[in-house]
$ cat data-v6.cif   # mmCIF, C-alpha atoms
data_input
loop_
_atom_site.label_atom_id
_atom_site.label_comp_id
_atom_site.auth_asym_id
_atom_site.auth_seq_id
_atom_site.Cartn_x
_atom_site.Cartn_y
_atom_site.Cartn_z
CA MET A 126 88.69 119.05 89.32
CA THR A 127 92.23 118.83 87.98
CA ILE A 128 93.33 117.09 91.16
CA PHE A 129 90.60 114.53 90.63
CA LEU A 130 91.87 113.91 87.09
CA TYR A 131 95.43 113.45 88.33
CA ILE A 132 94.27 110.81 90.81
CA LEU A 133 91.98 109.13 88.26
CA PHE A 134 94.69 108.92 85.59
CA GLY A 135 97.12 107.58 88.18
CA PHE A 136 94.56 105.03 89.33
CA LEU A 137 93.76 103.77 85.82
CA SER A 138 97.38 103.41 84.82
CA GLY A 139 98.17 101.88 88.21
CA ILE A 140 95.72 99.05 87.54
CA LEU A 141 97.50 98.24 84.28
CA GLY A 142 100.93 98.76 85.84
CA GLY A 143 100.13 96.36 88.68
CA MET A 144 99.26 93.72 86.12
CA GLY A 145 102.52 94.36 84.28
CA MET A 146 100.63 95.58 81.26
CA GLY A 147 102.34 98.91 80.83
CA GLY A 148 101.12 101.48 83.30
CA GLY A 149 103.52 104.10 82.00
CA THR A 150 102.41 103.69 78.43
CA LEU A 151 98.98 104.84 79.59
CA LEU A 152 99.96 107.38 82.27
CA ILE A 153 102.40 109.40 80.15
CA PRO A 154 100.04 110.10 77.21
CA LEU A 155 97.13 110.82 79.60
CA LEU A 156 99.16 113.41 81.49
CA THR A 157 100.63 115.08 78.40
CA ILE A 158 97.48 115.13 76.26
CA PHE A 159 94.79 115.97 78.84
CA LEU A 160 96.70 117.85 81.51
CA GLY A 161 99.31 119.46 79.29
CA LEU A 162 102.31 118.44 81.36
CA GLU A 163 105.74 118.49 79.78
CA GLN A 164 106.84 115.15 78.30
CA LYS A 165 110.01 114.83 80.38
CA LEU A 166 108.17 115.72 83.56
CA CYS A 167 105.62 112.96 82.89
CA GLN A 168 108.39 110.47 82.29
CA GLY A 169 110.06 111.39 85.57
CA ILE A 170 106.74 111.16 87.42
CA ASN A 171 105.99 107.81 85.83
CA LEU A 172 109.37 106.35 86.83
CA ILE A 173 109.08 107.38 90.47
CA THR A 174 105.44 106.44 90.96
CA PHE A 175 106.19 103.12 89.28
CA LEU A 176 108.97 102.39 91.79
CA VAL A 177 106.66 102.82 94.79
CA MET A 178 103.82 100.95 93.12
CA ALA A 179 106.16 98.12 92.10
CA LEU A 180 107.18 97.54 95.72
CA VAL A 181 103.56 96.86 96.70
CA SER A 182 102.82 94.96 93.53
CA LEU A 183 105.93 92.75 93.73
CA CYS A 184 104.99 91.72 97.27
CA ILE A 185 101.55 90.63 96.07
CA HIS A 186 102.94 88.81 93.03
CA LEU A 187 105.57 87.05 95.15
CA LYS A 188 102.83 85.85 97.48
CA ASN A 189 100.87 84.52 94.51
CA GLY A 190 104.00 82.81 93.17
CA TYR A 191 104.06 84.69 89.89
CA ILE A 192 107.66 85.88 90.07
CA GLU A 193 110.30 83.84 88.27
CA THR A 194 113.84 84.93 89.14
CA ARG A 195 115.73 82.35 87.07
CA GLY A 196 117.41 83.96 84.09
CA ILE A 197 116.24 87.52 84.67
CA PHE A 198 119.71 88.59 85.80
CA TYR A 199 120.85 88.29 82.17
CA ILE A 200 118.27 90.87 81.15
CA ILE A 201 118.96 93.19 84.06
CA PHE A 202 122.73 93.56 84.13
CA LEU A 203 123.26 95.30 80.78
CA GLY A 204 119.77 96.78 80.98
CA VAL A 205 120.74 98.82 84.03
CA ILE A 206 123.76 100.29 82.23
CA PHE A 207 121.82 101.07 79.06
CA SER A 208 118.97 102.64 81.03
CA ILE A 209 121.48 105.20 82.30
CA GLY A 210 122.38 105.98 78.69
CA GLY A 211 118.72 106.18 77.67
CA ALA A 212 117.89 108.57 80.49
CA LEU A 213 120.88 110.80 79.66
CA ILE A 214 119.93 111.00 75.97
CA ALA A 215 116.36 111.89 76.96
CA GLY A 216 117.79 114.70 79.08
CA TYR A 217 119.54 116.23 76.06
CA LEU A 218 116.58 116.09 73.67
CA PRO A 219 113.87 118.76 73.70
CA SER A 220 110.51 117.59 75.05
CA LYS A 221 108.80 118.13 71.69
CA ILE A 222 110.98 115.61 69.87
CA LEU A 223 110.85 113.21 72.80
CA ARG A 224 107.07 113.42 72.66
CA MET A 225 106.99 112.48 68.98
CA CYS A 226 109.37 109.57 69.55
CA PHE A 227 107.17 108.40 72.41
CA GLY A 228 104.12 108.59 70.13
CA ALA A 229 105.83 106.36 67.57
CA PHE A 230 106.86 103.97 70.34
CA LEU A 231 103.24 103.75 71.53
CA CYS A 232 102.00 102.99 68.02
CA ILE A 233 104.49 100.15 67.65
CA LEU A 234 103.53 98.72 71.07
CA ALA A 235 99.84 98.93 70.16
CA ILE A 236 100.42 97.03 66.92
CA ILE A 237 102.39 94.33 68.78
CA GLU A 238 99.54 94.06 71.29
CA PHE A 239 97.01 93.67 68.45
CA ILE A 240 99.07 90.90 66.90
CA LYS A 241 99.42 89.13 70.26
CA VAL A 242 95.71 89.28 71.06
CA PHE A 243 94.58 88.06 67.66
CA LYS A 244 97.22 85.34 67.37
CA LYS A 245 95.90 83.35 70.33
CA MET B 163 99.81 71.39 69.48
CA THR B 164 102.30 70.00 71.97
CA LYS B 165 103.55 73.51 72.60
CA LYS B 166 100.10 74.66 73.56
CA TYR B 167 99.72 71.77 75.98
CA LYS B 168 103.02 72.61 77.66
CA HIS B 169 101.95 76.21 78.03
CA ASN B 170 98.68 75.33 79.73
CA ASN B 171 100.42 72.86 81.95
CA ALA B 172 102.96 75.39 83.10
CA GLN B 173 100.21 77.81 83.98
CA LYS B 174 98.89 75.36 86.51
CA LEU B 175 102.15 75.36 88.46
CA LYS B 176 101.90 77.84 91.25
CA PHE B 177 105.63 78.17 91.85
CA SER B 178 107.35 78.30 88.53
CA SER B 179 110.71 77.45 90.15
CA ASN B 180 109.61 73.90 89.31
CA ASN B 181 110.46 74.95 85.79
CA THR B 182 113.98 73.55 85.42
CA HIS B 183 114.57 74.30 81.75
CA LYS B 184 118.31 75.04 81.33
CA LEU B 185 119.32 78.13 79.40
CA SER B 186 121.43 77.61 76.32
CA LEU B 187 124.14 80.06 75.26
CA LYS B 188 121.90 81.34 72.47
CA GLU B 189 119.12 82.08 74.92
CA LYS B 190 121.50 83.85 77.27
CA ILE B 191 122.72 86.06 74.42
CA TRP B 192 119.12 86.81 73.47
CA LEU B 193 118.36 87.81 77.05
CA ILE B 194 121.43 90.07 77.28
CA LEU B 195 120.71 91.78 73.94
CA SER B 196 117.04 92.31 74.69
CA GLY B 197 118.01 93.56 78.14
CA SER B 198 120.11 96.28 76.52
CA VAL B 199 117.25 97.32 74.25
CA ILE B 200 114.79 97.32 77.15
CA GLY B 201 117.25 99.42 79.17
CA ILE B 202 117.63 102.07 76.47
CA LEU B 203 113.86 102.25 75.86
CA ASN B 204 112.95 102.37 79.54
CA GLY B 205 115.48 105.08 80.27
CA PHE B 206 114.69 107.10 77.16
CA PHE B 207 110.89 106.96 77.46
CA GLY B 208 110.70 106.75 81.25
CA GLY B 209 108.51 103.67 80.97
CA GLY B 210 107.20 101.06 78.61
CA GLY B 211 110.15 98.73 79.10
CA GLY B 212 107.85 96.21 80.74
CA MET B 213 105.70 95.98 77.63
CA VAL B 214 108.78 94.98 75.63
CA CYS B 215 109.97 92.67 78.38
CA VAL B 216 106.82 90.52 78.57
CA PRO B 217 107.12 88.91 75.11
CA ILE B 218 110.84 88.27 75.70
CA LEU B 219 110.08 86.48 78.97
CA GLU B 220 107.37 84.44 77.25
CA LYS B 221 109.48 83.52 74.22
CA VAL B 222 112.97 83.01 75.66
CA LEU B 223 112.32 81.97 79.26
CA LYS B 224 109.07 80.20 78.28
CA LEU B 225 107.19 81.80 81.15
CA PRO B 226 103.42 81.46 81.19
CA ASN B 227 101.47 84.64 80.53
CA LYS B 228 100.76 85.80 84.09
CA HIS B 229 104.24 84.93 85.32
CA ALA B 230 105.75 86.91 82.45
CA HIS B 231 103.69 89.98 83.37
CA ALA B 232 104.59 89.82 87.07
CA THR B 233 108.25 89.07 86.40
CA ALA B 234 108.47 91.98 83.96
CA ILE B 235 107.80 94.30 86.92
CA ALA B 236 110.72 92.72 88.79
CA VAL B 237 112.99 93.13 85.75
CA ILE B 238 112.03 96.76 85.14
CA PHE B 239 112.37 97.78 88.78
CA PRO B 240 116.20 98.13 88.92
CA LEU B 241 116.27 99.78 85.48
CA SER B 242 113.63 102.32 86.48
CA PHE B 243 115.42 102.96 89.74
CA ILE B 244 118.63 104.01 87.98
CA SER B 245 116.80 106.09 85.36
CA ALA B 246 114.69 107.76 88.04
CA ILE B 247 117.83 108.98 89.79
CA ILE B 248 118.99 110.65 86.56
CA TYR B 249 115.57 112.21 85.95
CA VAL B 250 115.57 113.63 89.48
CA PHE B 251 119.09 115.01 89.04
CA ASN B 252 118.08 116.63 85.74
CA GLY B 253 115.12 118.22 87.53
CA TYR B 254 112.33 116.50 85.61
CA VAL B 255 110.22 115.88 88.67
CA LYS B 256 107.78 118.21 90.41
CA THR B 257 106.47 117.43 93.86
CA PHE B 258 102.85 118.49 93.36
CA PRO B 259 101.78 116.32 90.42
CA LEU B 260 104.08 113.54 91.60
CA LEU B 261 102.35 113.17 94.97
CA ILE B 262 98.79 113.27 93.64
CA VAL B 263 99.42 110.97 90.70
CA GLY B 264 101.38 108.74 93.08
CA ILE B 265 98.34 108.24 95.32
CA GLY B 266 96.30 107.10 92.33
CA VAL B 267 99.03 104.86 90.95
CA ILE B 268 99.62 103.08 94.26
CA LEU B 269 95.90 102.47 94.83
CA GLY B 270 95.41 101.31 91.25
CA GLY B 271 98.58 99.23 91.33
CA THR B 272 97.46 97.35 94.41
CA LEU B 273 94.09 96.62 92.81
CA GLY B 274 95.74 95.64 89.53
CA SER B 275 98.16 93.28 91.26
CA PHE B 276 95.29 91.39 92.88
CA CYS B 277 93.49 91.33 89.54
CA LEU B 278 96.33 89.56 87.71
CA LYS B 279 94.71 86.30 88.84
CA TRP B 280 91.86 87.08 86.47
CA PHE B 281 94.02 88.13 83.60
CA PRO B 282 92.21 90.75 81.49
CA PRO B 283 90.05 89.27 78.76
CA LYS B 284 90.70 89.98 75.11
CA ALA B 285 88.16 92.80 74.92
CA ILE B 286 89.95 94.91 77.54
CA ARG B 287 93.33 94.32 75.94
CA ILE B 288 91.98 95.37 72.55
CA ILE B 289 90.47 98.53 74.04
CA PHE B 290 93.81 99.31 75.70
CA ALA B 291 95.65 98.77 72.41
CA VAL B 292 93.23 101.11 70.62
CA ILE B 293 93.76 103.77 73.31
CA MET B 294 97.53 103.38 72.96
CA LEU B 295 97.32 103.73 69.20
CA ALA B 296 95.13 106.83 69.48
CA GLY B 297 97.43 108.33 72.10
CA GLY B 298 100.47 107.54 70.00
CA VAL B 299 99.04 109.21 66.89
CA ARG B 300 97.96 112.23 68.94
CA LEU B 301 101.47 112.62 70.38
CA ILE B 302 103.13 112.41 66.96
CA LEU B 303 100.85 115.05 65.40
#
$ encode --input "data-v6.cif" --output "structure tokens"
Amino acid sequence: MTIFLYILFGFLSGILGGMGMGGGTLLIPLLTIFLGLEQKLCQGINLITFLVMALVSLCIHLKNGYIETRGIFYIIFLGVIFSIGGALIAGYLPSKILRMCFGAFLCILAIIEFIKVFKK
Amino acid sequence: MTKKYKHNNAQKLKFSSNNTHKLSLKEKIWLILSGSVIGILNGFFGGGGGMVCVPILEKVLKLPNKHAHATAIAVIFPLSFISAIIYVFNGYVKTFPLLIVGIGVILGGTLGSFCLKWFPPKAIRIIFAVIMLAGGVRLIL
């Protein structure tokens, strides 16, 4: 039964992730709240599963002509360096605090999404 | 009004490389700054950087909705790759849940990628936002 839930949660968040709608923002809370996994473990799992999924998904998006490479280098080059910093800080913090921060982050994202949907 | 027309028009272009808008210095600085923020968030939270990236791509690079979503995956990929290495080194990965969740994510991701053509209607996005809000509150408490 638990195995089924793991696959189901992965599947649901994969659908969103493939559309670039934030697979991790769904997968991480599902795993921590319903399956009781540690916050940091979920984050690690999300990163790695995302990488494999992104390979498939990028191929499909490239084929459909949805990928725009112009200008994204500017976002990536400092982003890569800062993502090292972010991951190191996360390593130092206890999972409990990280979990609360993640909760706040989710709330902010949800509010932004609400604003975006109702603006159009 | 003209802005809206431009947006719709751009969405019709299959290959957005036709989009030849030149980046100004201000836009480049915006991209670099937001890239740093996205990097910190994505490394710290092990995800969610894409959600922050999409509005930046739409606003600064003027990408149409679907293109912004697909391109966000390309932007997040190198960032996640580096963070993932650190998470693995710190030992925050276990093989058992990783493999099973991975099967689901890859299957779902493939389906989701094909579904981007029919970008999710408002109702689904609102439901997702409500779930995120509920999850967020639950995690804080």
$ resolve_selection --input "data-v6.cif" --expression "the PyMOL selection byres ((chain A and resi 159) around 10)" --output "NGL selection string"
:A and (127 or 130-131 or 134 or 154-158 or 160-162)
$ resolve_selection --input "data-v6.cif" --expression "the PyMOL selection byres ((chain B and resi 254) around 12)" --output "PDB file with C-alpha atoms, keeping the file's coordinate frame"
ATOM      1  CA  LEU A 162     102.310 118.440  81.360  1.00  0.00           C
ATOM      2  CA  GLU A 163     105.740 118.490  79.780  1.00  0.00           C
ATOM      3  CA  GLN A 164     106.840 115.150  78.300  1.00  0.00           C
ATOM      4  CA  LYS A 165     110.010 114.830  80.380  1.00  0.00           C
ATOM      5  CA  LEU A 166     108.170 115.720  83.560  1.00  0.00           C
ATOM      6  CA  CYS A 167     105.620 112.960  82.890  1.00  0.00           C
ATOM      7  CA  GLN A 168     108.390 110.470  82.290  1.00  0.00           C
ATOM      8  CA  GLY A 169     110.060 111.390  85.570  1.00  0.00           C
ATOM      9  CA  ILE A 170     106.740 111.160  87.420  1.00  0.00           C
ATOM     10  CA  ASN A 171     105.990 107.810  85.830  1.00  0.00           C
ATOM     11  CA  LEU A 172     109.370 106.350  86.830  1.00  0.00           C
ATOM     12  CA  ILE A 173     109.080 107.380  90.470  1.00  0.00           C
ATOM     13  CA  ALA A 212     117.890 108.570  80.490  1.00  0.00           C
ATOM     14  CA  LEU A 213     120.880 110.800  79.660  1.00  0.00           C
ATOM     15  CA  ALA A 215     116.360 111.890  76.960  1.00  0.00           C
ATOM     16  CA  GLY A 216     117.790 114.700  79.080  1.00  0.00           C
ATOM     17  CA  TYR A 217     119.540 116.230  76.060  1.00  0.00           C
ATOM     18  CA  SER A 220     110.510 117.590  75.050  1.00  0.00           C
TER      19      SER A 220
ATOM     20  CA  GLY B 208     110.700 106.750  81.250  1.00  0.00           C
ATOM     21  CA  SER B 245     116.800 106.090  85.360  1.00  0.00           C
ATOM     22  CA  ALA B 246     114.690 107.760  88.040  1.00  0.00           C
ATOM     23  CA  ILE B 247     117.830 108.980  89.790  1.00  0.00           C
ATOM     24  CA  ILE B 248     118.990 110.650  86.560  1.00  0.00           C
ATOM     25  CA  TYR B 249     115.570 112.210  85.950  1.00  0.00           C
ATOM     26  CA  VAL B 250     115.570 113.630  89.480  1.00  0.00           C
ATOM     27  CA  PHE B 251     119.090 115.010  89.040  1.00  0.00           C
ATOM     28  CA  ASN B 252     118.080 116.630  85.740  1.00  0.00           C
ATOM     29  CA  GLY B 253     115.120 118.220  87.530  1.00  0.00           C
ATOM     30  CA  VAL B 255     110.220 115.880  88.670  1.00  0.00           C
ATOM     31  CA  LYS B 256     107.780 118.210  90.410  1.00  0.00           C
ATOM     32  CA  THR B 257     106.470 117.430  93.860  1.00  0.00           C
ATOM     33  CA  PRO B 259     101.780 116.320  90.420  1.00  0.00           C
ATOM     34  CA  LEU B 260     104.080 113.540  91.600  1.00  0.00           C
TER      35      LEU B 260
END
$ residues_around --input "data-v6.cif" --residues "Ile191 of chain B" --least-positions-apart "5" --cutoff "12 Å" --atoms "all atoms listed in the file" --output "list in words"
Gly196, Tyr199, Ile200 and Leu203 of chain A; Leu185, Ser186, Ser196, Gly197, Ser198 and Val222 of chain B
$ closest_residue --input "data-v6.cif" --among "A:Ile140, A:Leu234, A:Cys226, A:Met126" --to "chain B" --atoms "only C-alpha atoms"
A:Ile140
$ residues_around --input "data-v6.cif" --residues "His186 of chain A" --least-positions-apart "4" --cutoff "12 Å" --atoms "only C-alpha atoms" --output "VMD selection string"
(chain A and resid 143 to 145 179 to 182 190 to 193) or (chain B and resid 176 to 177 228 to 236 271 to 279)
$ atom_distance --input "data-v6.cif" --atom1 "atom CA of Cys184 of chain A" --atom2 "atom CA of Phe281 of chain B"
17.9 Å
$ residues_near_point --input "data-v6.cif" --point "(104.7, 112.2, 74.5)" --cutoff "7 Å" --atoms "all atoms listed in the file" --output "PyMOL selection string"
(chain A and resi 153-154+157+164+223-225+227-228) or (chain B and resi 301)
$ atom_distance --input "data-v6.cif" --atom1 "atom CA of Ser138 of chain A" --atom2 "atom CA of Ile293 of chain B"
12.1 Å
$ axis_aligned_box --input "data-v6.cif" --around "segment 141-157 of chain A" --padding-each-side "6 Å" --output "AutoDock Vina command-line options"
--center_x 100.3 --center_y 104.4 --center_z 82.9 --size_x 18.4 --size_y 33.4 --size_z 23.5
$ resolve_selection --input "data-v6.cif" --expression "the PyMOL selection byres ((chain B and resi 263) around 8)" --output "list of chain:residue names"
A:Tyr131, A:Ile132, A:Phe134, A:Gly135, A:Phe136, A:Thr174, B:Pro259, B:Leu260, B:Leu261, B:Ile262, B:Gly264, B:Ile265, B:Gly266, B:Val267
$ write_last_selection --input "data-v6.cif" --atoms "C-alpha atoms" --output "PDB file, in the coordinates of the input"
ATOM      1  CA  TYR A 131      95.430 113.450  88.330  1.00  0.00           C
ATOM      2  CA  ILE A 132      94.270 110.810  90.810  1.00  0.00           C
ATOM      3  CA  PHE A 134      94.690 108.920  85.590  1.00  0.00           C
ATOM      4  CA  GLY A 135      97.120 107.580  88.180  1.00  0.00           C
ATOM      5  CA  PHE A 136      94.560 105.030  89.330  1.00  0.00           C
ATOM      6  CA  THR A 174     105.440 106.440  90.960  1.00  0.00           C
TER       7      THR A 174
ATOM      8  CA  PRO B 259     101.780 116.320  90.420  1.00  0.00           C
ATOM      9  CA  LEU B 260     104.080 113.540  91.600  1.00  0.00           C
ATOM     10  CA  LEU B 261     102.350 113.170  94.970  1.00  0.00           C
ATOM     11  CA  ILE B 262      98.790 113.270  93.640  1.00  0.00           C
ATOM     12  CA  GLY B 264     101.380 108.740  93.080  1.00  0.00           C
ATOM     13  CA  ILE B 265      98.340 108.240  95.320  1.00  0.00           C
ATOM     14  CA  GLY B 266      96.300 107.100  92.330  1.00  0.00           C
ATOM     15  CA  VAL B 267      99.030 104.860  90.950  1.00  0.00           C
TER      16      VAL B 267
END
$ atom_distance --input "data-v6.cif" --atom1 "atom CA of Lys184 of chain B" --atom2 "atom CA of Val216 of chain B"
19.5 Å
$ closest_residue --input "data-v6.cif" --among "A:Phe175, A:Phe129, A:Phe230, A:Phe202" --to "Phe206 of chain B" --atoms "all atoms listed in the file"
A:Phe230
$ build_atoms --input "data-v6.cif" --residues "segment 154-175 of chain A" --atoms "N, CA and C atoms" --output "PDB file, in the frame of the given file"
ATOM      1  N   PRO A 154     100.901 109.378  78.156  1.00  0.00           N
ATOM      2  CA  PRO A 154     100.040 110.100  77.210  1.00  0.00           C
ATOM      3  C   PRO A 154      98.856 110.795  77.868  1.00  0.00           C
ATOM      4  N   LEU A 155      98.264 110.172  78.916  1.00  0.00           N
ATOM      5  CA  LEU A 155      97.130 110.820  79.600  1.00  0.00           C
ATOM      6  C   LEU A 155      97.556 112.173  80.167  1.00  0.00           C
ATOM      7  N   LEU A 156      98.705 112.178  80.841  1.00  0.00           N
ATOM      8  CA  LEU A 156      99.160 113.410  81.490  1.00  0.00           C
ATOM      9  C   LEU A 156      99.546 114.476  80.457  1.00  0.00           C
ATOM     10  N   THR A 157     100.200 114.067  79.381  1.00  0.00           N
ATOM     11  CA  THR A 157     100.630 115.080  78.400  1.00  0.00           C
ATOM     12  C   THR A 157      99.454 115.596  77.596  1.00  0.00           C
ATOM     13  N   ILE A 158      98.558 114.700  77.145  1.00  0.00           N
ATOM     14  CA  ILE A 158      97.480 115.130  76.260  1.00  0.00           C
ATOM     15  C   ILE A 158      96.400 115.897  77.026  1.00  0.00           C
ATOM     16  N   PHE A 159      95.944 115.357  78.172  1.00  0.00           N
ATOM     17  CA  PHE A 159      94.790 115.970  78.840  1.00  0.00           C
ATOM     18  C   PHE A 159      95.167 117.012  79.891  1.00  0.00           C
ATOM     19  N   LEU A 160      96.348 116.876  80.481  1.00  0.00           N
ATOM     20  CA  LEU A 160      96.700 117.850  81.510  1.00  0.00           C
ATOM     21  C   LEU A 160      97.833 118.775  81.069  1.00  0.00           C
ATOM     22  N   GLY A 161      98.330 118.545  79.861  1.00  0.00           N
ATOM     23  CA  GLY A 161      99.310 119.460  79.290  1.00  0.00           C
ATOM     24  C   GLY A 161     100.648 119.522  80.010  1.00  0.00           C
ATOM     25  N   LEU A 162     101.008 118.443  80.689  1.00  0.00           N
ATOM     26  CA  LEU A 162     102.310 118.440  81.360  1.00  0.00           C
ATOM     27  C   LEU A 162     103.411 118.197  80.327  1.00  0.00           C
ATOM     28  N   GLU A 163     104.607 118.675  80.672  1.00  0.00           N
ATOM     29  CA  GLU A 163     105.740 118.490  79.780  1.00  0.00           C
ATOM     30  C   GLU A 163     106.117 117.002  79.714  1.00  0.00           C
ATOM     31  N   GLN A 164     106.520 116.564  78.509  1.00  0.00           N
ATOM     32  CA  GLN A 164     106.840 115.150  78.300  1.00  0.00           C
ATOM     33  C   GLN A 164     107.860 114.604  79.313  1.00  0.00           C
ATOM     34  N   LYS A 165     108.957 115.331  79.488  1.00  0.00           N
ATOM     35  CA  LYS A 165     110.010 114.830  80.380  1.00  0.00           C
ATOM     36  C   LYS A 165     109.530 114.734  81.814  1.00  0.00           C
ATOM     37  N   LEU A 166     108.703 115.707  82.207  1.00  0.00           N
ATOM     38  CA  LEU A 166     108.170 115.720  83.560  1.00  0.00           C
ATOM     39  C   LEU A 166     107.315 114.470  83.786  1.00  0.00           C
ATOM     40  N   CYS A 167     106.478 114.141  82.783  1.00  0.00           N
ATOM     41  CA  CYS A 167     105.620 112.960  82.890  1.00  0.00           C
ATOM     42  C   CYS A 167     106.458 111.702  83.013  1.00  0.00           C
ATOM     43  N   GLN A 168     107.541 111.660  82.241  1.00  0.00           N
ATOM     44  CA  GLN A 168     108.390 110.470  82.290  1.00  0.00           C
ATOM     45  C   GLN A 168     109.026 110.314  83.659  1.00  0.00           C
ATOM     46  N   GLY A 169     109.488 111.430  84.229  1.00  0.00           N
ATOM     47  CA  GLY A 169     110.060 111.390  85.570  1.00  0.00           C
ATOM     48  C   GLY A 169     109.030 110.951  86.593  1.00  0.00           C
ATOM     49  N   ILE A 170     107.815 111.523  86.491  1.00  0.00           N
ATOM     50  CA  ILE A 170     106.740 111.160  87.420  1.00  0.00           C
ATOM     51  C   ILE A 170     106.418 109.685  87.295  1.00  0.00           C
ATOM     52  N   ASN A 171     106.337 109.211  86.047  1.00  0.00           N
ATOM     53  CA  ASN A 171     105.990 107.810  85.830  1.00  0.00           C
ATOM     54  C   ASN A 171     107.036 106.890  86.465  1.00  0.00           C
ATOM     55  N   LEU A 172     108.309 107.215  86.283  1.00  0.00           N
ATOM     56  CA  LEU A 172     109.370 106.350  86.830  1.00  0.00           C
ATOM     57  C   LEU A 172     109.255 106.246  88.343  1.00  0.00           C
ATOM     58  N   ILE A 173     109.080 107.397  89.004  1.00  0.00           N
ATOM     59  CA  ILE A 173     109.080 107.380  90.470  1.00  0.00           C
ATOM     60  C   ILE A 173     107.823 106.731  91.038  1.00  0.00           C
ATOM     61  N   THR A 174     106.662 107.071  90.450  1.00  0.00           N
ATOM     62  CA  THR A 174     105.440 106.440  90.960  1.00  0.00           C
ATOM     63  C   THR A 174     105.486 104.938  90.706  1.00  0.00           C
ATOM     64  N   PHE A 175     106.076 104.551  89.568  1.00  0.00           N
ATOM     65  CA  PHE A 175     106.190 103.120  89.280  1.00  0.00           C
ATOM     66  C   PHE A 175     106.993 102.403  90.369  1.00  0.00           C
TER      67      PHE A 175
END
